[in-house]
$ cat coords-v8.pdb   # PDB, C-alpha atoms
MODEL        1
ATOM      1  CA  MET G   1       3.724  22.506  12.864  1.00  0.00           C
ATOM      2  CA  GLY G   2       3.082  19.172  14.553  1.00  0.00           C
ATOM      3  CA  ARG G   3       3.762  17.358  17.777  1.00  0.00           C
ATOM      4  CA  ARG G   4       6.536  14.802  18.048  1.00  0.00           C
ATOM      5  CA  LYS G   5       5.884  11.173  18.856  1.00  0.00           C
ATOM      6  CA  GLY G   6       8.670   8.676  18.728  1.00  0.00           C
ATOM      7  CA  ARG G   7       9.882   8.480  15.142  1.00  0.00           C
ATOM      8  CA  GLY G   8       8.039  11.305  13.410  1.00  0.00           C
ATOM      9  CA  VAL G   9       5.805  14.316  13.391  1.00  0.00           C
ATOM     10  CA  VAL G  10       2.033  14.169  13.723  1.00  0.00           C
ATOM     11  CA  MET G  11       0.296  16.064  10.949  1.00  0.00           C
ATOM     12  CA  ALA G  12      -1.313  19.368  11.854  1.00  0.00           C
ATOM     13  CA  ALA G  13      -5.095  19.524  11.860  1.00  0.00           C
ATOM     14  CA  GLY G  14      -6.710  19.930   8.460  1.00  0.00           C
ATOM     15  CA  SER G  15      -3.443  19.578   6.531  1.00  0.00           C
ATOM     16  CA  VAL G  16      -4.372  16.381   4.667  1.00  0.00           C
ATOM     17  CA  SER G  17      -6.272  16.947   1.434  1.00  0.00           C
ATOM     18  CA  LEU G  18      -8.599  14.367  -0.073  1.00  0.00           C
ATOM     19  CA  GLY G  19      -6.109  13.541  -2.821  1.00  0.00           C
ATOM     20  CA  LYS G  20      -3.253  13.167  -0.359  1.00  0.00           C
ATOM     21  CA  ALA G  21      -5.304  10.932   1.969  1.00  0.00           C
ATOM     22  CA  MET G  22      -6.318   8.701  -0.942  1.00  0.00           C
ATOM     23  CA  TRP G  23      -2.744   8.560  -2.284  1.00  0.00           C
ATOM     24  CA  ARG G  24      -1.432   7.588   1.142  1.00  0.00           C
ATOM     25  CA  GLY G  25      -4.083   4.875   1.363  1.00  0.00           C
ATOM     26  CA  PHE G  26      -3.220   3.715  -2.164  1.00  0.00           C
ATOM     27  CA  ARG G  27       0.391   3.290  -1.016  1.00  0.00           C
ATOM     28  CA  GLY G  28      -0.785   1.292   2.030  1.00  0.00           C
ATOM     29  CA  LYS G  29       0.088   4.048   4.497  1.00  0.00           C
ATOM     30  CA  CYS G  30      -1.993   5.742   7.186  1.00  0.00           C
ATOM     31  CA  PRO G  31      -4.097   8.522   5.621  1.00  0.00           C
ATOM     32  CA  ASN G  32      -3.376  10.777   8.619  1.00  0.00           C
ATOM     33  CA  CYS G  33       0.408  10.669   8.938  1.00  0.00           C
ATOM     34  CA  GLY G  34       1.528   8.823   5.799  1.00  0.00           C
ATOM     35  CA  GLU G  35       4.026   6.808   7.842  1.00  0.00           C
ATOM     36  CA  GLY G  36       2.230   3.960   9.604  1.00  0.00           C
ATOM     37  CA  HIS G  37       0.951   0.816   7.926  1.00  0.00           C
ATOM     38  CA  LEU G  38      -2.682   0.786   6.830  1.00  0.00           C
ATOM     39  CA  PHE G  39      -2.916  -2.994   6.473  1.00  0.00           C
ATOM     40  CA  GLY G  40      -2.156  -5.716   9.001  1.00  0.00           C
ATOM     41  CA  ARG G  41      -2.599  -8.436   6.367  1.00  0.00           C
ATOM     42  CA  PHE G  42      -3.286  -8.397   2.625  1.00  0.00           C
ATOM     43  CA  LEU G  43      -6.785  -6.889   2.841  1.00  0.00           C
ATOM     44  CA  LYS G  44      -7.201  -6.555   6.624  1.00  0.00           C
ATOM     45  CA  VAL G  45      -7.065  -2.912   7.678  1.00  0.00           C
ATOM     46  CA  ALA G  46      -5.116  -2.397  10.907  1.00  0.00           C
ATOM     47  CA  PRO G  47      -7.240  -1.289  13.889  1.00  0.00           C
ATOM     48  CA  SER G  48      -5.093   1.823  14.304  1.00  0.00           C
ATOM     49  CA  CYS G  49      -1.973   3.395  12.840  1.00  0.00           C
ATOM     50  CA  ASP G  50       1.203   2.016  14.389  1.00  0.00           C
ATOM     51  CA  HIS G  51       2.846   5.428  13.991  1.00  0.00           C
ATOM     52  CA  CYS G  52       0.331   8.140  14.927  1.00  0.00           C
ATOM     53  CA  GLY G  53      -2.393   6.126  16.679  1.00  0.00           C
ATOM     54  CA  GLU G  54      -5.222   7.199  14.338  1.00  0.00           C
ATOM     55  CA  GLU G  55      -8.145   4.766  14.586  1.00  0.00           C
ATOM     56  CA  LEU G  56      -8.712   2.955  11.294  1.00  0.00           C
ATOM     57  CA  PHE G  57     -11.089   0.169  12.305  1.00  0.00           C
ATOM     58  CA  HIS G  58     -14.115   2.282  11.320  1.00  0.00           C
ATOM     59  CA  GLN G  59     -13.590   1.696   7.594  1.00  0.00           C
ATOM     60  CA  ARG G  60     -16.410   0.135   5.590  1.00  0.00           C
ATOM     61  CA  ALA G  61     -14.862  -0.441   2.166  1.00  0.00           C
ATOM     62  CA  ASP G  62     -16.769  -3.728   1.765  1.00  0.00           C
ATOM     63  CA  ASP G  63     -16.965  -4.830  -1.911  1.00  0.00           C
ATOM     64  CA  PHE G  64     -16.469  -1.423  -3.523  1.00  0.00           C
ATOM     65  CA  PRO G  65     -12.685  -1.871  -4.108  1.00  0.00           C
ATOM     66  CA  ALA G  66     -13.304  -5.226  -5.808  1.00  0.00           C
ATOM     67  CA  TYR G  67     -15.907  -3.661  -8.114  1.00  0.00           C
ATOM     68  CA  LEU G  68     -13.532  -0.851  -9.038  1.00  0.00           C
ATOM     69  CA  VAL G  69     -10.726  -3.325  -9.744  1.00  0.00           C
ATOM     70  CA  MET G  70     -13.019  -5.413 -11.967  1.00  0.00           C
ATOM     71  CA  VAL G  71     -14.000  -2.329 -13.951  1.00  0.00           C
ATOM     72  CA  VAL G  72     -10.400  -1.120 -14.396  1.00  0.00           C
ATOM     73  CA  VAL G  73      -8.886  -4.509 -15.216  1.00  0.00           C
ATOM     74  CA  GLY G  74     -11.802  -5.360 -17.507  1.00  0.00           C
ATOM     75  CA  HIS G  75     -11.382  -2.107 -19.414  1.00  0.00           C
ATOM     76  CA  LEU G  76      -7.671  -2.825 -19.882  1.00  0.00           C
ATOM     77  CA  VAL G  77      -7.714  -6.562 -20.600  1.00  0.00           C
ATOM     78  CA  VAL G  78     -10.766  -6.877 -22.884  1.00  0.00           C
ATOM     79  CA  PRO G  79      -9.554  -4.333 -25.485  1.00  0.00           C
ATOM     80  CA  ALA G  80      -6.112  -5.979 -25.392  1.00  0.00           C
ATOM     81  CA  ILE G  81      -7.666  -9.401 -25.990  1.00  0.00           C
ATOM     82  CA  LEU G  82      -9.707  -8.032 -28.880  1.00  0.00           C
ATOM     83  CA  ALA G  83      -6.684  -6.284 -30.398  1.00  0.00           C
ATOM     84  CA  VAL G  84      -4.556  -9.439 -30.227  1.00  0.00           C
ATOM     85  CA  GLU G  85      -7.414 -11.537 -31.634  1.00  0.00           C
ATOM     86  CA  THR G  86      -7.959  -9.221 -34.607  1.00  0.00           C
ATOM     87  CA  ALA G  87      -4.267  -8.745 -35.358  1.00  0.00           C
ATOM     88  CA  TYR G  88      -2.926 -12.287 -34.865  1.00  0.00           C
ATOM     89  CA  ALA G  89      -5.868 -14.705 -34.306  1.00  0.00           C
ATOM     90  CA  PRO G  90      -3.943 -16.985 -31.898  1.00  0.00           C
ATOM     91  CA  PRO G  91      -5.530 -20.266 -30.779  1.00  0.00           C
ATOM     92  CA  GLU G  92      -7.895 -20.130 -27.787  1.00  0.00           C
ATOM     93  CA  TRP G  93      -5.578 -22.133 -25.543  1.00  0.00           C
ATOM     94  CA  LEU G  94      -2.850 -19.536 -26.046  1.00  0.00           C
ATOM     95  CA  GLN G  95      -5.275 -16.694 -25.356  1.00  0.00           C
ATOM     96  CA  LEU G  96      -6.347 -18.413 -22.121  1.00  0.00           C
ATOM     97  CA  ALA G  97      -2.756 -19.183 -21.153  1.00  0.00           C
ATOM     98  CA  VAL G  98      -1.826 -15.515 -21.510  1.00  0.00           C
ATOM     99  CA  TRP G  99      -4.898 -13.523 -20.479  1.00  0.00           C
ATOM    100  CA  LEU G 100      -6.089 -15.486 -17.447  1.00  0.00           C
ATOM    101  CA  PRO G 101      -2.812 -14.976 -15.527  1.00  0.00           C
ATOM    102  CA  VAL G 102      -2.600 -11.345 -16.679  1.00  0.00           C
ATOM    103  CA  THR G 103      -6.119 -10.734 -15.390  1.00  0.00           C
ATOM    104  CA  LEU G 104      -5.446 -12.552 -12.108  1.00  0.00           C
ATOM    105  CA  PHE G 105      -2.182 -10.756 -11.345  1.00  0.00           C
ATOM    106  CA  ALA G 106      -3.508  -7.346 -12.384  1.00  0.00           C
ATOM    107  CA  SER G 107      -6.539  -7.821 -10.135  1.00  0.00           C
ATOM    108  CA  LEU G 108      -4.453  -8.938  -7.160  1.00  0.00           C
ATOM    109  CA  ALA G 109      -1.951  -6.128  -7.702  1.00  0.00           C
ATOM    110  CA  LEU G 110      -4.677  -3.451  -7.715  1.00  0.00           C
ATOM    111  CA  LEU G 111      -6.949  -4.790  -4.966  1.00  0.00           C
ATOM    112  CA  GLN G 112      -5.007  -3.647  -1.873  1.00  0.00           C
ATOM    113  CA  PRO G 113      -4.076  -0.197  -3.247  1.00  0.00           C
ATOM    114  CA  THR G 114      -7.687   0.384  -4.303  1.00  0.00           C
ATOM    115  CA  LYS G 115      -8.981  -0.604  -0.866  1.00  0.00           C
ATOM    116  CA  GLY G 116      -6.405   1.696   0.731  1.00  0.00           C
ATOM    117  CA  ALA G 117      -7.556   4.598  -1.441  1.00  0.00           C
ATOM    118  CA  ILE G 118     -11.189   3.951  -0.454  1.00  0.00           C
ATOM    119  CA  VAL G 119     -10.219   3.879   3.234  1.00  0.00           C
ATOM    120  CA  GLY G 120      -8.335   7.168   2.720  1.00  0.00           C
ATOM    121  CA  LEU G 121     -11.440   8.644   1.084  1.00  0.00           C
ATOM    122  CA  GLN G 122     -13.665   7.541   3.974  1.00  0.00           C
ATOM    123  CA  TRP G 123     -11.149   8.815   6.540  1.00  0.00           C
ATOM    124  CA  GLN G 124     -10.768  12.265   4.979  1.00  0.00           C
ATOM    125  CA  LEU G 125     -14.509  12.772   4.443  1.00  0.00           C
ATOM    126  CA  GLY G 126     -15.345  11.559   7.952  1.00  0.00           C
ATOM    127  CA  MET G 127     -17.588   8.774   6.696  1.00  0.00           C
ATOM    128  CA  HIS G 128     -19.002   6.023   8.914  1.00  0.00           C
ATOM    129  CA  GLY G 129     -17.126   5.949  12.247  1.00  0.00           C
ATOM    130  CA  PHE G 130     -14.485   8.426  11.112  1.00  0.00           C
ATOM    131  CA  GLU G 131     -16.691  11.421  12.020  1.00  0.00           C
ATOM    132  CA  ALA G 132     -15.271  11.749  15.537  1.00  0.00           C
ATOM    133  CA  GLY G 133     -11.707  11.611  14.244  1.00  0.00           C
ATOM    134  CA  LYS G 134     -12.449  14.262  11.632  1.00  0.00           C
ATOM    135  CA  LEU G 135     -13.991  16.564  14.249  1.00  0.00           C
ATOM    136  CA  ARG G 136     -10.981  15.961  16.500  1.00  0.00           C
ATOM    137  CA  ARG G 137      -8.582  16.780  13.624  1.00  0.00           C
ATOM    138  CA  GLU G 138     -10.493  19.943  12.785  1.00  0.00           C
ATOM    139  CA  ALA G 139     -10.340  20.995  16.435  1.00  0.00           C
ATOM    140  CA  GLY G 140      -6.568  20.405  16.430  1.00  0.00           C
ATOM    141  CA  GLU G 141      -6.559  17.586  18.934  1.00  0.00           C
ATOM    142  CA  LEU G 142      -4.296  14.546  18.855  1.00  0.00           C
ATOM    143  CA  ALA G 143      -5.423  11.026  18.045  1.00  0.00           C
ATOM    144  CA  PRO G 144      -6.358   8.943  21.145  1.00  0.00           C
ATOM    145  CA  GLY G 145      -3.115   6.914  20.976  1.00  0.00           C
ATOM    146  CA  LEU G 146      -1.036  10.097  21.027  1.00  0.00           C
ATOM    147  CA  VAL G 147      -2.977  11.577  23.932  1.00  0.00           C
ATOM    148  CA  LYS G 148      -1.901   8.571  26.019  1.00  0.00           C
ATOM    149  CA  ALA G 149       1.695   8.858  24.769  1.00  0.00           C
ATOM    150  CA  ASP G 150       1.819  12.618  25.501  1.00  0.00           C
ATOM    151  CA  ALA G 151       0.388  12.055  28.993  1.00  0.00           C
ATOM    152  CA  ARG G 152       3.118   9.500  29.719  1.00  0.00           C
ATOM    153  CA  ALA G 153       5.822  11.825  28.398  1.00  0.00           C
ATOM    154  CA  ALA G 154       4.714  14.735  30.619  1.00  0.00           C
TER
ENDMDL
END
$ encode --input "coords-v8.pdb" --output "structure tokens"
Amino acid sequence: MGRRKGRGVVMAAGSVSLGKAMWRGFRGKCPNCGEGHLFGRFLKVAPSCDHCGEELFHQRADDFPAYLVMVVVGHLVVPAILAVETAYAPPEWLQLAVWLPVTLFASLALLQPTKGAIVGLQWQLGMHGFEAGKLRREAGELAPGLVKADARAA
């Protein structure tokens, strides 16, 4: 099914669906193999997968993940604020003391997974610089890092 490299199996060509690639990215894993780390730092995408060698530096998520997070968190927090206000009418200082941290932590918690899902989307669709990798996957070739590793093993 796949070729071995060190700790795991490289995914066969064309076996990663759009949903699976986005879910792997959402979890912070490489969209290709699902094993390596997608992020080097909080929002800094690693140049390549540390497990399968897939190049990830092509991603162009830019501000789109932040916009998505604002929409999701806003649609969850604003109705909650309105519901609490209508039901209990707490003082403004209490509303601020509760809802500002909730909004901050919800936004920070969703930002990296959302960016990972967008990178997974771009990777699977072959957007931006991922075109060559997609063509290589469709042709059944290994990622550049694995080609070097296989050459050394032979």
$ residues_around --input "coords-v8.pdb" --residues "G:Lys29" --least-positions-apart "6" --cutoff "9 Å" --atoms "only C-alpha atoms" --output "short mmCIF file (atom, residue, chain, number, x, y, z; two decimals) with C-alpha atoms, in the frame of the given file"
data_model
loop_
_atom_site.label_atom_id
_atom_site.label_comp_id
_atom_site.auth_asym_id
_atom_site.auth_seq_id
_atom_site.Cartn_x
_atom_site.Cartn_y
_atom_site.Cartn_z
CA TRP G 23 -2.74 8.56 -2.28
CA GLU G 35 4.03 6.81 7.84
CA GLY G 36 2.23 3.96 9.60
CA HIS G 37 0.95 0.82 7.93
CA LEU G 38 -2.68 0.79 6.83
CA PHE G 39 -2.92 -2.99 6.47
CA CYS G 49 -1.97 3.40 12.84
CA GLY G 116 -6.40 1.70 0.73
#
$ atom_distance --input "coords-v8.pdb" --atom1 "atom CA of G:Ala61" --atom2 "atom CA of G:Thr114"
9.7 Å
$ closest_residue --input "coords-v8.pdb" --among "G:Pro113, G:Gly40, G:Gly120, G:Gly25" --to "G:Ala66" --atoms "only C-alpha atoms"
G:Pro113
$ atom_distance --input "coords-v8.pdb" --atom1 "atom CA of G:Glu92" --atom2 "atom CA of G:Leu108"
23.7 Å
$ closest_residue --input "coords-v8.pdb" --among "G:Gln112, G:Thr86, G:Thr103, G:Ser17" --to "G:Phe42" --atoms "all atoms listed in the file"
G:Gln112
$ resolve_selection --input "coords-v8.pdb" --expression "the PyMOL selection byres ((chain G and resi 99) around 12)" --output "PyMOL selection string"
chain G and resi 73-74+76-82+84-85+90+92-98+100-107
$ atom_distance --input "coords-v8.pdb" --atom1 "atom CA of G:Val72" --atom2 "atom CA of G:Asn32"
26.8 Å
$ resolve_selection --input "coords-v8.pdb" --expression "the PyMOL selection byres ((chain G and resi 119) around 9)" --output "ChimeraX atom specification"
/G:21-22,25-26,31,38,45,56,59-61,114-118,120-124
$ write_last_selection --input "coords-v8.pdb" --atoms "C-alpha atoms" --output "short mmCIF file (atom, residue, chain, number, x, y, z; two decimals), keeping the file's coordinate frame"
data_model
loop_
_atom_site.label_atom_id
_atom_site.label_comp_id
_atom_site.auth_asym_id
_atom_site.auth_seq_id
_atom_site.Cartn_x
_atom_site.Cartn_y
_atom_site.Cartn_z
CA ALA G 21 -5.30 10.93 1.97
CA MET G 22 -6.32 8.70 -0.94
CA GLY G 25 -4.08 4.88 1.36
CA PHE G 26 -3.22 3.72 -2.16
CA PRO G 31 -4.10 8.52 5.62
CA LEU G 38 -2.68 0.79 6.83
CA VAL G 45 -7.06 -2.91 7.68
CA LEU G 56 -8.71 2.96 11.29
CA GLN G 59 -13.59 1.70 7.59
CA ARG G 60 -16.41 0.14 5.59
CA ALA G 61 -14.86 -0.44 2.17
CA THR G 114 -7.69 0.38 -4.30
CA LYS G 115 -8.98 -0.60 -0.87
CA GLY G 116 -6.40 1.70 0.73
CA ALA G 117 -7.56 4.60 -1.44
CA ILE G 118 -11.19 3.95 -0.45
CA GLY G 120 -8.34 7.17 2.72
CA LEU G 121 -11.44 8.64 1.08
CA GLN G 122 -13.66 7.54 3.97
CA TRP G 123 -11.15 8.82 6.54
CA GLN G 124 -10.77 12.26 4.98
#
$ closest_residue --input "coords-v8.pdb" --among "G:Ala83, G:Cys30, G:Met70, G:Ala109" --to "G:Glu54" --atoms "only C-alpha atoms"
G:Cys30
$ closest_residue --input "coords-v8.pdb" --among "G:Arg41, G:Arg24, G:Ala89, G:Glu55" --to "G:Phe130" --atoms "all atoms listed in the file"
G:Glu55
$ closest_residue --input "coords-v8.pdb" --among "G:Gly129, G:Pro65, G:Gly34, G:Pro47" --to "G:Lys20" --atoms "all atoms listed in the file"
G:Gly34
$ axis_aligned_box --input "coords-v8.pdb" --around "stretch 122-128 of chain G" --padding-each-side "4 Å" --output "JSON"
{"center_x": -14.9, "center_y": 9.4, "center_z": 6.4, "size_x": 16.2, "size_y": 14.7, "size_z": 12.9}
